[in-house]
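Enquirer: Structure in structure tokens, see below.
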Number of protein chains: 2
Amino acid sequence: MENITLKKISEILGLSISSVSRALKNHPDISVATKKRVNELAEFLNYEPNINAINLRAKKNRVLGLMVPTIAGFFYSSFISAVEEECRANDYTLIILQSGSDPEIEKNNLSVCRQNRVSGLFVCLSTHTTDMEAFDKIKEADIPLIFFDKVPESNVYDKICVADKEVAKLAAELLIEKNKHHILALFGNRNLSISKIRLGSFTNTISVVKGVKTYTEHCNSYVAAKNITTEYFSKKGIPDAVFCMSDEILIGVMKSLMELKIDIPGKTAIIALSDGFWPKLYTPEITYIETSGYKLGKLAFARMMNCIDGKVEPAELYINSPLVSGGSI
Amino acid sequence: MENITLKKISEILGLSISSVSRALKNHPDISVATKKRVNELAEFLNYEPNINAINLRAKKNRVLGLMVPTIAGFFYSSFISAVEEECRANDYTLIILQSGSDPEIEKNNLSVCRQNRVSGLFVCLSTHTTDMEAFDKIKEADIPLIFFDKVPESNVYDKICVADKEVAKLAAELLIEKNKHHILALFGNRNLSISKIRLGSFTNTISVVKGVKTYTEHCNSYVAAKNITTEYFSKKGIPDAVFCMSDEILIGVMKSLMELKIDIPGKTAIIALSDGFWPKLYTPEITYIETSGYKLGKLAFARMMNCIDGKVEPAELYINSPLVSGGSI
DNA sequence: TCTCTGAGCGCAAAGCTTTGCGGAACTGTT
DNA sequence: AACAGTTCCGCAAAGCTTTGCGCTCAGAGA
């Protein structure tokens, strides 16, 4: 079966193309009888309008782009899931691209987005991105651009974030409240603003209390997190609490502690910032502050709609992040 | 800045649209000097061809559709990751849709795909899909359709699968070799062909050995898997091995065994079919037979290219699945 | 000087949809 | 009978790109 077009339907029915188009759109100019004929034939032939033609004419694509380092992440897939849901509900098509944390691919992906005439773009920066020029061109072209999770520091961009300062503070306060004095605090890649902010807020909060010793470390993978943890717990004397900045780090830490058979929370307490799935897998369940990718996705989409509708000033928006108690502290 | 088109470039340069188009495509009819002028201006203006116009003219979209129950799955995100990589490398755009395991949404998504004139479609069926009519219409429209993971039983469709029979057999043989006699075997949703096949092959293989007792159960979530495991291990006498059909089940089983502080592999052995990430998180690492979503994605894409290129008969293709030894058996 | 060749470029159509405008046929009014 | 007002539909253009074909002009060969 060939492609069904308005033209084909019009020829079969002896109507003009425009009448068929209007009939399908329930335009008042068209008689009820004609509408019926057209609709029935269209249904029978499985007619679907050619979205390329529509977009071409409308000069407006209902297409959004979404770029992440990798889909298969701890956090991204739930973010994407939320955005896709909203796109579907609002008749947007979503194009997902991975950068593989390669700035070169990142640039190419931006080209792809422009070719596809996306109406908006969600981006989680790769760890190695330093040159923002390609992104600035997107902005110049008046394509709404929303960063999430890994965002640039400059405030000329729209950003959707976890309230990094607050969640790190919350975690620190909980540790203080529980009277922890030897704290191993693990953070992600030291170049990322997300790591810097969380680290700053965490240590600031902790530092007001006398006699608390905090060991801060950075790690780029769960394996690194595991190794660092093992080092501390086997050689350097046992911390009475571990703070994990992300799920990835939590996993590494837990792997280490399980190997060493460290009792939780008896020997050491754990507190994490997490999407919420992983903490439930351990026994006891890990106490965490929720940094939900799903919520972030919903918020990002809502923001995108605002950006597309009217002009809004670049802003940094936050989702709220409740404390979820497990038994690890 | 407005949208840059060939027309705009041609006006600025005092050329015809067609000459600009040819210049950008390095057509021999165009002089070197003109090519240079055109390319420089195009670069300066950030020209990107309008893909809608291209597709409209070519009557051929380099767009593929991909539908899964949810992106945020144990397995899907790595499948998607692989497909996206290939799409990018081959200049295809990928549209990802979630069905939420709702046949109604599934149908709508197929409409979306047709509107977008996808050149091909990857589908993992939702658990509740029974009516294949909408998919048959896709086939009638000559859109290559490849099922993966959760596939329909009929062999009129193209299918990319884990070699379910073989992997289940492999696991069973390993358990026999290790002399296990009380085996708890956990499978997924009993309506899925994937569960049926794995169950059939597993029990068949085990049954040739005398004196082995196998307890087979079905579970639809990791929580269910956990509860069933706990029931067996706390009340019904301790199995000396557990077989987990999927990552989801493995997670539930491990959560239970960790709670009950069952020694692995001392008290009980574990063998799983898994994508490979989760088994490494436990101590000891879990022995598993790899059912890689990533590999599946790569194979699915290659198959798709064949389908698009030439006519190929519907077939069922398999990825190979090596045994990866951990310390759980 | 005339013709031929080829280099370099432009014209126009096609692909599909939407929409402003105009037109035919009919109904109803005076 | 003349006119106005509806109802219902068609024409044509625009949106952007690609490509077959045809055109112009310069230079070469006769």
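Chain identifiers are assigned as A, B, and so on, following the order in which chains appear in the structure tokens; residues are numbered from 1 within each chain, and ligands are numbered from 1 in order of appearance.
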Please identify all polymer residues within 10 Å of DA14 of chain D, counting only C-alpha atoms (C1' of nucleotides), omitting same-chain residues fewer than 4 positions from it, and present them as a PyMOL selection string.
Expert: (chain A and resi 56-58) or (chain C and resi 18)
Enquirer: Could you write out that same residue set with N, CA and C atoms (P, O5', C5', C4', C3', O3' and C1' of nucleotides) as a tab-separated table (two decimals), in the first residue's frame?
Expert:
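Just written: selection.tsv:
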```tsv
chain	number	residue	atom	x	y	z
A	56	LEU	N	6.47	21.83	7.71
A	56	LEU	CA	7.06	22.70	6.72
A	56	LEU	C	6.18	23.94	6.55
A	57	ARG	N	4.91	23.69	6.43
A	57	ARG	CA	3.99	24.81	6.23
A	57	ARG	C	3.90	25.68	7.48
A	58	ALA	N	3.77	25.03	8.61
A	58	ALA	CA	3.55	25.78	9.85
A	58	ALA	C	4.82	26.49	10.31
C	18	DT	P	-3.37	19.83	7.34
C	18	DT	O5'	-3.33	21.40	7.05
C	18	DT	C5'	-2.34	22.18	7.68
C	18	DT	C4'	-2.44	23.61	7.21
C	18	DT	C3'	-3.76	24.32	7.52
C	18	DT	O3'	-3.43	25.55	8.13
C	18	DT	C1'	-3.18	24.60	5.24
```
Enquirer: Report as a count of residues only all protein, DNA and RNA residues lying within 7 Å of segment 303-318 of chain B, evaluated on only C-alpha atoms (C1' of nucleotides), omitting residues in the same chain fewer than 3 positions from it.
Expert: 11
Enquirer: Give me the residues of chain B that have any atom at most 9 Å from an atom of chain A; for each, the nearest atom pair and the distance in Å, rounded to one decimal. Use only C-alpha atoms, sort by chain and number, and format it as a Markdown table.
Expert:
```
| residue | atom | partner | partner_atom | distance |
| --- | --- | --- | --- | --- |
| B:Met1 | CA | A:Ala141 | CA | 5.5 |
| B:Glu2 | CA | A:Ala141 | CA | 7.1 |
| B:Asn3 | CA | A:Ala141 | CA | 7.7 |
| B:Asn46 | CA | A:Lys137 | CA | 8.2 |
| B:Tyr47 | CA | A:Gln115 | CA | 9.0 |
| B:Glu48 | CA | A:Gln115 | CA | 5.4 |
| B:Pro49 | CA | A:Gln115 | CA | 5.8 |
| B:Asn50 | CA | A:Gln115 | CA | 5.6 |
| B:Ile51 | CA | A:Gln115 | CA | 5.5 |
| B:Asn52 | CA | A:Asn52 | CA | 4.7 |
| B:Ala53 | CA | A:Leu56 | CA | 6.3 |
| B:Ile54 | CA | A:Asn52 | CA | 8.8 |
| B:Asn55 | CA | A:Asn52 | CA | 6.8 |
| B:Leu56 | CA | A:Asn52 | CA | 5.8 |
| B:Thr70 | CA | A:Ser81 | CA | 6.9 |
| B:Ile71 | CA | A:Ser81 | CA | 5.7 |
| B:Ala72 | CA | A:Ser77 | CA | 4.8 |
| B:Gly73 | CA | A:Ser77 | CA | 8.0 |
| B:Phe75 | CA | A:Ala72 | CA | 8.9 |
| B:Tyr76 | CA | A:Ala72 | CA | 8.3 |
| B:Ser77 | CA | A:Ala72 | CA | 4.8 |
| B:Ser78 | CA | A:Ala72 | CA | 5.2 |
| B:Phe79 | CA | A:Ala72 | CA | 8.6 |
| B:Ile80 | CA | A:Ile71 | CA | 7.4 |
| B:Ser81 | CA | A:Ile71 | CA | 5.7 |
| B:Glu84 | CA | A:Leu97 | CA | 6.9 |
| B:Glu85 | CA | A:Gln98 | CA | 7.4 |
| B:Arg88 | CA | A:Leu97 | CA | 7.9 |
| B:Asp91 | CA | A:Val112 | CA | 8.9 |
| B:Thr93 | CA | A:Ile95 | CA | 7.2 |
| B:Leu94 | CA | A:Ile95 | CA | 6.1 |
| B:Ile95 | CA | A:Ile95 | CA | 5.3 |
| B:Ile96 | CA | A:Leu94 | CA | 6.8 |
| B:Leu97 | CA | A:Glu84 | CA | 6.9 |
| B:Gln98 | CA | A:Glu84 | CA | 7.3 |
| B:Asn109 | CA | A:Arg88 | CA | 8.4 |
| B:Ser111 | CA | A:Glu48 | CA | 7.4 |
| B:Val112 | CA | A:Thr93 | CA | 8.3 |
| B:Arg114 | CA | A:Glu48 | CA | 6.5 |
| B:Gln115 | CA | A:Glu48 | CA | 5.4 |
| B:Asn116 | CA | A:Ile51 | CA | 5.6 |
| B:Arg117 | CA | A:Asn50 | CA | 7.0 |
| B:Lys137 | CA | A:Asn46 | CA | 8.3 |
| B:Glu140 | CA | A:Met1 | CA | 6.7 |
| B:Ala141 | CA | A:Met1 | CA | 5.5 |
| B:Asp142 | CA | A:Met1 | CA | 7.3 |
| B:Ile251 | CA | A:Leu281 | CA | 7.0 |
| B:Gly252 | CA | A:Leu281 | CA | 7.7 |
| B:Met254 | CA | A:Leu281 | CA | 8.2 |
| B:Lys255 | CA | A:Leu281 | CA | 5.8 |
| B:Ser256 | CA | A:Thr283 | CA | 8.7 |
| B:Met258 | CA | A:Thr283 | CA | 6.4 |
| B:Glu259 | CA | A:Thr283 | CA | 5.8 |
| B:Lys280 | CA | A:Lys255 | CA | 8.7 |
| B:Leu281 | CA | A:Lys255 | CA | 5.8 |
| B:Tyr282 | CA | A:Lys255 | CA | 6.3 |
| B:Thr283 | CA | A:Glu259 | CA | 5.9 |
| B:Pro284 | CA | A:Glu259 | CA | 7.8 |
```
Enquirer: Check which residues of chain C sit at most 9 Å from chain A using only C-alpha atoms (C1' of nucleotides), and return one row each with the closest pair of atoms and their distance in Å to one decimal, ordered by chain and rising number, as a Markdown table.
Expert:
```
| residue | atom | partner | partner_atom | distance |
| --- | --- | --- | --- | --- |
| C:DG15 | C1' | A:Ala53 | CA | 8.3 |
| C:DC16 | C1' | A:Ala53 | CA | 5.0 |
| C:DT17 | C1' | A:Ile54 | CA | 5.4 |
| C:DT18 | C1' | A:Arg57 | CA | 7.2 |
| C:DT19 | C1' | A:Ser18 | CA | 8.7 |
```
Enquirer: Contacts from chain D to chain B, 8 Å maximum, only C-alpha atoms (C1' of nucleotides): show me the residue list as an MDAnalysis selection string.
Expert: chainID D and resid 16:18
Enquirer: What's around DA25 of chain C at 12 Å? Count only C-alpha atoms (C1' of nucleotides), leave out sequence neighbours fewer than 2 positions away in its own chain, and write the answer as a list in words.
Expert: DG23 and DT27 of chain C; DT6, DT7, DC8 and DC9 of chain D
Enquirer: List as a ChimeraX atom specification the protein and nucleic acid residues near DA4 of chain D, meaning an atom at most 12 Å away when only C-alpha atoms (C1' of nucleotides) are counted, but skip any in the same chain fewer than 3 places from it.
Expert: /C:27-30
Enquirer: Please produce an output containing N, CA and C atoms (P, O5', C5', C4', C3', O3' and C1' of nucleotides) for each residue in the selection, written as a JSON list (two decimals), in the first residue's frame.
Expert:
```json
[["chain", "number", "residue", "atom", "x", "y", "z"],
["C", 27, "DT", "P", -33.11, 25.30, -2.89],
["C", 27, "DT", "O5'", -33.25, 26.37, -1.74],
["C", 27, "DT", "C5'", -32.33, 26.39, -0.64],
["C", 27, "DT", "C4'", -32.70, 27.53, 0.29],
["C", 27, "DT", "C3'", -34.19, 27.80, 0.40],
["C", 27, "DT", "O3'", -34.53, 28.04, 1.76],
["C", 27, "DT", "C1'", -33.09, 29.76, -0.37],
["C", 28, "DG", "P", -36.07, 28.21, 2.18],
["C", 28, "DG", "O5'", -36.18, 29.78, 2.38],
["C", 28, "DG", "C5'", -35.12, 30.48, 3.03],
["C", 28, "DG", "C4'", -35.30, 31.97, 2.84],
["C", 28, "DG", "C3'", -36.75, 32.46, 2.93],
["C", 28, "DG", "O3'", -36.77, 33.62, 3.74],
["C", 28, "DG", "C1'", -35.77, 33.24, 0.94],
["C", 29, "DT", "P", -38.18, 34.23, 4.22],
["C", 29, "DT", "O5'", -38.01, 35.78, 3.92],
["C", 29, "DT", "C5'", -36.69, 36.35, 3.82],
["C", 29, "DT", "C4'", -36.73, 37.62, 3.01],
["C", 29, "DT", "C3'", -38.05, 38.38, 3.10],
["C", 29, "DT", "O3'", -37.78, 39.75, 3.40],
["C", 29, "DT", "C1'", -37.41, 38.08, 0.85],
["C", 30, "DT", "P", -39.01, 40.70, 3.83],
["C", 30, "DT", "O5'", -39.23, 41.63, 2.55],
["C", 30, "DT", "C5'", -38.15, 42.39, 2.04],
["C", 30, "DT", "C4'", -38.51, 42.95, 0.68],
["C", 30, "DT", "C3'", -39.89, 43.60, 0.63],
["C", 30, "DT", "O3'", -39.79, 44.88, 0.02],
["C", 30, "DT", "C1'", -39.65, 42.05, -1.14]]
```
Enquirer: List the neighbours of Asp102 of chain B out to 9 Å using only C-alpha atoms (C1' of nucleotides); skip same-chain residues closer than 5 positions along the sequence, and give me the result as a list in words.
Expert: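 Once the adjacent positions are removed, what remains is Pro69, Lys107, Ser126, Thr127, His128 and Thr129 of chain B.
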Enquirer: List as a list in words the protein and nucleic acid residues near segment 199-204 of chain B, meaning an atom at most 7 Å away when only C-alpha atoms (C1' of nucleotides) are counted, but skip any in the same chain fewer than 4 places from it.
Expert: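 The neighbour list is Lys165, Ala168, Lys169, Ala172, Phe187 and Ser195 of chain B.
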Enquirer: May I have the residues from that selection written out with C-alpha atoms, as a CSV table (one decimal), in the first residue's frame?
Expert:
```csv
chain,number,residue,atom,x,y,z
B,165,LYS,CA,15.9,-21.7,25.5
B,168,ALA,CA,17.8,-21.3,30.6
B,169,LYS,CA,19.3,-24.6,29.7
B,172,ALA,CA,20.0,-25.5,34.6
B,187,PHE,CA,10.2,-16.5,36.5
B,195,SER,CA,8.7,-16.6,30.8
```
Enquirer: Residues near Ile329 of chain B, anyone? I mean within 8 Å using only C-alpha atoms (C1' of nucleotides), not counting same-chain ones fewer than 2 positions away, as an NGL selection string.
Expert: :B and (178 or 264-265 or 268-271 or 286-287 or 326-327)
Enquirer: Quick one: write out the picked residues with C-alpha atoms as an mmCIF file, in the first residue's frame?
Expert:
```
data_model
loop_
_atom_site.group_PDB
_atom_site.id
_atom_site.type_symbol
_atom_site.label_atom_id
_atom_site.label_comp_id
_atom_site.auth_asym_id
_atom_site.auth_seq_id
_atom_site.Cartn_x
_atom_site.Cartn_y
_atom_site.Cartn_z
ATOM 1 C CA LYS B 178 27.156 -28.141 40.955
ATOM 2 C CA ILE B 264 25.992 -17.013 49.591
ATOM 3 C CA PRO B 265 27.141 -19.378 48.243
ATOM 4 C CA THR B 268 22.503 -21.197 48.950
ATOM 5 C CA ALA B 269 23.790 -20.578 45.452
ATOM 6 C CA ILE B 270 22.490 -17.977 43.045
ATOM 7 C CA ILE B 271 22.392 -17.989 39.295
ATOM 8 C CA ILE B 286 26.519 -13.039 41.236
ATOM 9 C CA THR B 287 27.203 -15.622 38.560
ATOM 10 C CA GLY B 326 30.913 -14.498 39.960
ATOM 11 C CA GLY B 327 31.211 -16.161 43.325
#
```
Enquirer: Apply DSSP to the structure's backbone, then extract all residues of segment 136-304 of chain A labelled helix (DSSP H, G or I) and return them as an NGL selection string.
Expert: :A and (136-140 or 164-177 or 193-207 or 222-234 or 247-259 or 278-281 or 293-304)
